[in-house]
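Scroll down for the structure; my scribbles are underneath it.
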Amino acid sequence: MSPVETPAPPSTTAARGVDDLRLNVEQATYSYAAERKAGARFTLEATTFQARHREIVAILGPNASGKSTLLRLVAGTLKPLSGRVELDGHDVNRIDARTRAQRIGVVQQESPLLFPVPVWEYVLQGRRPFGHMFQFETDEDFAIVENSLAQLGAMHLRDRMMHEISGGEKQRVVVARALAQQPLLLLLDEPTLHLDIGAQVELLQNLRRLAVENRQTVVVVTHELNLAAEFADRVVVLHKGKCLRAGTPAEIFERGLLEQVFGAELEVNYSATGRPRVAVKSQRLM
Amino acid sequence: MKPLTPKRLASVCGILAGVLFVVMLISLKLGAVPVSMTDLAMHLGRMALGQADQLPSEYSLIINEIRLPRILLGILVGAALSVAGAGFQALLRNPLADPYVLGVSSGAALGAILSLIVSSHATAAMPFAAFLGACASIAGVYFLGRREGQLDSYTLLLGGIISASFLSAVIMFLMTTLSGGDIRGMGFWLMGDLSTPIPLGLKWLFLILIGAVGAIYTTAADLNLLLSGEQEALHLGVDVPRVKLVVYLSASLLTGIAVSVSGAIGYVGLLVPHLVRLMFGSDYRLLIPASALGGAIVIVTADTLARTVVAPIELPVGAMTALAGAPLFLYLLRRRIQ
């Protein structure tokens, strides 16, 4: 996990060649109706987007728009009904689970724990895809665990217990576990959900830095418009299972589209950095 | 908590094996006929040297024919139930899972009784029937515990407790209406006991035990990940369906053999893995062998107490484990609710 010597500016995606392409989602669809008799008959319609090395992609949309389903398709734990999801040119569904876990790290919304474990042991779980049945962790595994914690500024938590640390600290540890997998692709499902604004910004800054340092591609599911606008190189907008648009934040953050998706009157401005900003249009109460 | 290394695994298992040995010695010594420590040492020394024919006959009978087989049976049952408990806890992601609480032991007991009714003799088919009973009841509890595709912790426990009580009623009905000469007492099947003869040679039972514990052990590292949920385990490269199947079958088999020789002894599968976790951490690669040894220690100790506290009357060993295990269950349940 050595840092790249000359970190390229992350957001200039247009100039890169096809060689840099890491994730290719092409016309991928999914339907839950086929596998469950009862419950919501949710369908994700054809979704297409690409992501290159060092890019952050935000999958944006309101609740129940299909964000998590799309993430699971990308993670390879759901098989698309039609279309393809490719990682470095390989179909993620055809890669066996162990190899897939060596390439794709996933941070779920909730990571429930049944028994108390110390932080280092939790992060060490990320080394499991590299071990064999009766093999114990090596010194190299421990070095990677420490490196992962250090990359997120969480070394001081190493010997604490998972259930004793705060929400923001826990989120850093969960991301550190995914980093310990040394993945090419890092997927996060609503990672900012239970974090205060300070911790949210810190997490996304960390992801921004990690994407560059480790040449990782990061896909973040979120409904936080401004965080996506500030940190993402590409945004995929989902609404009721439809992929409405995929592109750069400047292409996506258009008032009409966002109002349609989120069902609220919004204003889009541009900050000094050229990133879009979304605000709720002030309304006089009746 | 230190990282798990082969050295640490070996030292923990070594210490527990040492404790088990001491407990075995004490259990061989204590009983209706007291055996002095020197006599016991001489006796065991001769046995170890292969001079069994020179043993004094009185001790030979008590130690070789009565106490030692019962201790070995206790080791078998304790190891089987504890490893089954640890397996069910990971499989169902429920720290309160235990073969007895979940009704799996009652299912196994019912299977064994049905096989006795069919064949009227305790045969090798009995552990197998108990295994089928265990499989069926855990499958039933699993489906009772599912709500909207998710395994609900409390529904699962409630389903298990209700199943246990229903199956116990069926057992009582069968015992009352069909009690023939070969069917053991109601207390045996409902409370557990180590004093009755066993249907299959101890050698065979130990072979099954080692096979099933070994099978669960092949999934040990994966079980650590399964504790965080099936999705998490999938993302970390675990072959979840295979691991679940191996643990489901092996833990049911362990419950089946334990119940077919000792009836439904409760709470060992809950008590032992929790004590092991408190002392040595929750890594399944250590938890499984340590629970096997710890379970053996607990059952041999409990049975020795059951034989001696109100001697010459013998208590069922299940009464001893329930006295210690039920309060622990309540404590863990309360802590979980809080």
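Chain lettering (A, B, ...) mirrors the order of the structure tokens, residue numbering begins at 1 for each chain separately, and ligand numbering begins at 1 in order of display.
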7 Å contact set for Gly269 in chain B, only C-alpha atoms, chain neighbours under 3 positions out, as number ranges by chain: B: 81-86, 98-99, 272-273
Contact residues (chain A, partner chain B, 8 Å, only C-alpha atoms) as number ranges by chain: A: 39, 75, 77, 97-102, 104-106, 108, 111-118, 121, 125-126, 128-129, 133-134, 136-137
Could you please take those selected residues and save C-alpha atoms as a CSV table (one decimal), in the first residue's frame?
```csv
chain,number,residue,atom,x,y,z
A,39,GLY,CA,-42.3,-7.7,-0.1
A,75,ALA,CA,-19.8,-5.6,-5.0
A,77,THR,CA,-23.0,-10.2,-4.2
A,97,ALA,CA,-15.7,-14.9,-3.5
A,98,ARG,CA,-12.2,-15.0,-2.1
A,99,THR,CA,-10.5,-13.3,-5.0
A,100,ARG,CA,-13.3,-10.8,-5.1
A,101,ALA,CA,-12.7,-9.9,-1.5
A,102,GLN,CA,-9.0,-9.3,-2.3
A,104,ILE,CA,-13.3,-5.2,-3.5
A,105,GLY,CA,-13.7,-3.8,0.0
A,106,VAL,CA,-17.2,-3.0,1.2
A,108,GLN,CA,-21.8,-1.6,5.0
A,111,SER,CA,-21.7,-3.6,11.1
A,112,PRO,CA,-23.3,-5.4,14.0
A,113,LEU,CA,-21.0,-7.1,16.5
A,114,LEU,CA,-22.2,-10.1,18.5
A,115,PHE,CA,-19.2,-10.3,20.9
A,116,PRO,CA,-16.8,-7.7,22.1
A,117,VAL,CA,-13.6,-7.5,20.0
A,118,PRO,CA,-10.7,-5.2,20.1
A,121,GLU,CA,-8.8,-7.9,15.8
A,125,GLN,CA,-10.6,-9.6,9.6
A,126,GLY,CA,-9.8,-7.7,6.4
A,128,ARG,CA,-8.9,-13.1,6.0
A,129,PRO,CA,-9.3,-13.2,2.2
A,133,MET,CA,-8.0,-22.6,6.3
A,134,PHE,CA,-5.6,-23.2,9.2
A,136,PHE,CA,-2.6,-17.8,11.3
A,137,GLU,CA,-2.0,-14.1,10.5
```
Shell around Leu323 in chain B at 12 Å using only C-alpha atoms, local window under 6 positions removed, as a PyMOL selection string: chain B and resi 191+265-268+271+302+306+315-317+329-330
For the contact check between range 152-191 of chain A and range 210-222 of chain A, emit one row per residue of range 152-191 of chain A within 7 Å, containing the shortest atom pair and the distance in Å rounded to one decimal, counting only C-alpha atoms, chain then rising number order, as JSON lines.
```
{"residue": "A:Leu184", "atom": "CA", "partner": "A:Gln216", "partner_atom": "CA", "distance": 5.1}
{"residue": "A:Leu185", "atom": "CA", "partner": "A:Thr217", "partner_atom": "CA", "distance": 4.9}
{"residue": "A:Leu186", "atom": "CA", "partner": "A:Val218", "partner_atom": "CA", "distance": 4.7}
{"residue": "A:Leu187", "atom": "CA", "partner": "A:Val219", "partner_atom": "CA", "distance": 4.8}
{"residue": "A:Leu188", "atom": "CA", "partner": "A:Val220", "partner_atom": "CA", "distance": 4.8}
{"residue": "A:Asp189", "atom": "CA", "partner": "A:Val221", "partner_atom": "CA", "distance": 4.9}
{"residue": "A:Glu190", "atom": "CA", "partner": "A:Thr222", "partner_atom": "CA", "distance": 4.9}
```
Dump C-alpha atoms for the selected residues as a PDB file, in the first residue's frame?
```
ATOM      1  CA  LEU A 184      -8.748  -1.886  -5.981  1.00  0.00           C
ATOM      2  CA  LEU A 185     -12.311  -0.813  -5.413  1.00  0.00           C
ATOM      3  CA  LEU A 186     -13.680   0.533  -2.148  1.00  0.00           C
ATOM      4  CA  LEU A 187     -17.466   0.591  -1.766  1.00  0.00           C
ATOM      5  CA  LEU A 188     -19.250   2.445   1.033  1.00  0.00           C
ATOM      6  CA  ASP A 189     -22.983   2.333   1.741  1.00  0.00           C
ATOM      7  CA  GLU A 190     -24.155   5.593   3.392  1.00  0.00           C
TER       8      GLU A 190
END
```
Test item: residues at most 8 Å from Ile75 in chain B, only C-alpha atoms, excluding those fewer than 6 positions along its chain, as a ChimeraX atom specification: /B:293,295-297,299-300
Residue contacts of range 253-257 of chain B (6 Å, only C-alpha atoms) excluding same-chain residues fewer than 5 positions away, as a list in words: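 Close residues of range 253-257 of chain B: Ala80, Leu81, Ala108, Pro127, Ala130 and Phe131 of chain B.
Counting only C-alpha atoms and comparing A:Val235, A:Gly61, A:Val119, A:Tyr30, the residue that lies closest to Leu78 in chain A is A:Tyr30.
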Counting only C-alpha atoms, the option among A:Arg234, A:Arg22, A:His163, A:Arg158 closest to Thr248 in chain A: A:Arg234
Backbone-only DSSP, helix (DSSP H, G or I) members of range 123-317 of chain B, as a PyMOL selection string: chain B and resi 125-144+153-178+186-191+202-217+220-226+230-235+240-262+268-280+284-308+317
All residues 7 Å or closer to Ser148 in chain A, only C-alpha atoms, same chain fewer than 2 positions away omitted, as a list in words: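 My list of contacting residues is Ile144, Val145, Glu146, Ala150, Gln151, Leu152, Ala176, Leu179 and Ala180 of chain A.
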Nearby residues (only C-alpha atoms) at most 8 Å from Leu194 in chain B, same-chain spacing under 6 positions excluded, as a ChimeraX atom specification: /B:70,73-74,261-262,303,316-317
Distance in Å - CA of Leu114 in chain B versus CA of Arg146 in chain B: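 Here the two named atoms are 28.4 Å from each other.
Minimum atom-to-atom distance to Ile56 in chain A, evaluated using only C-alpha atoms, belongs to A:Leu23 out of A:Phe142, A:Leu23, A:Phe262, A:Ile197.
The closest residue to Phe21 in chain B, picked from B:Thr301, B:Val246, B:Thr176, B:Phe88 and counting only C-alpha atoms, is B:Thr301.
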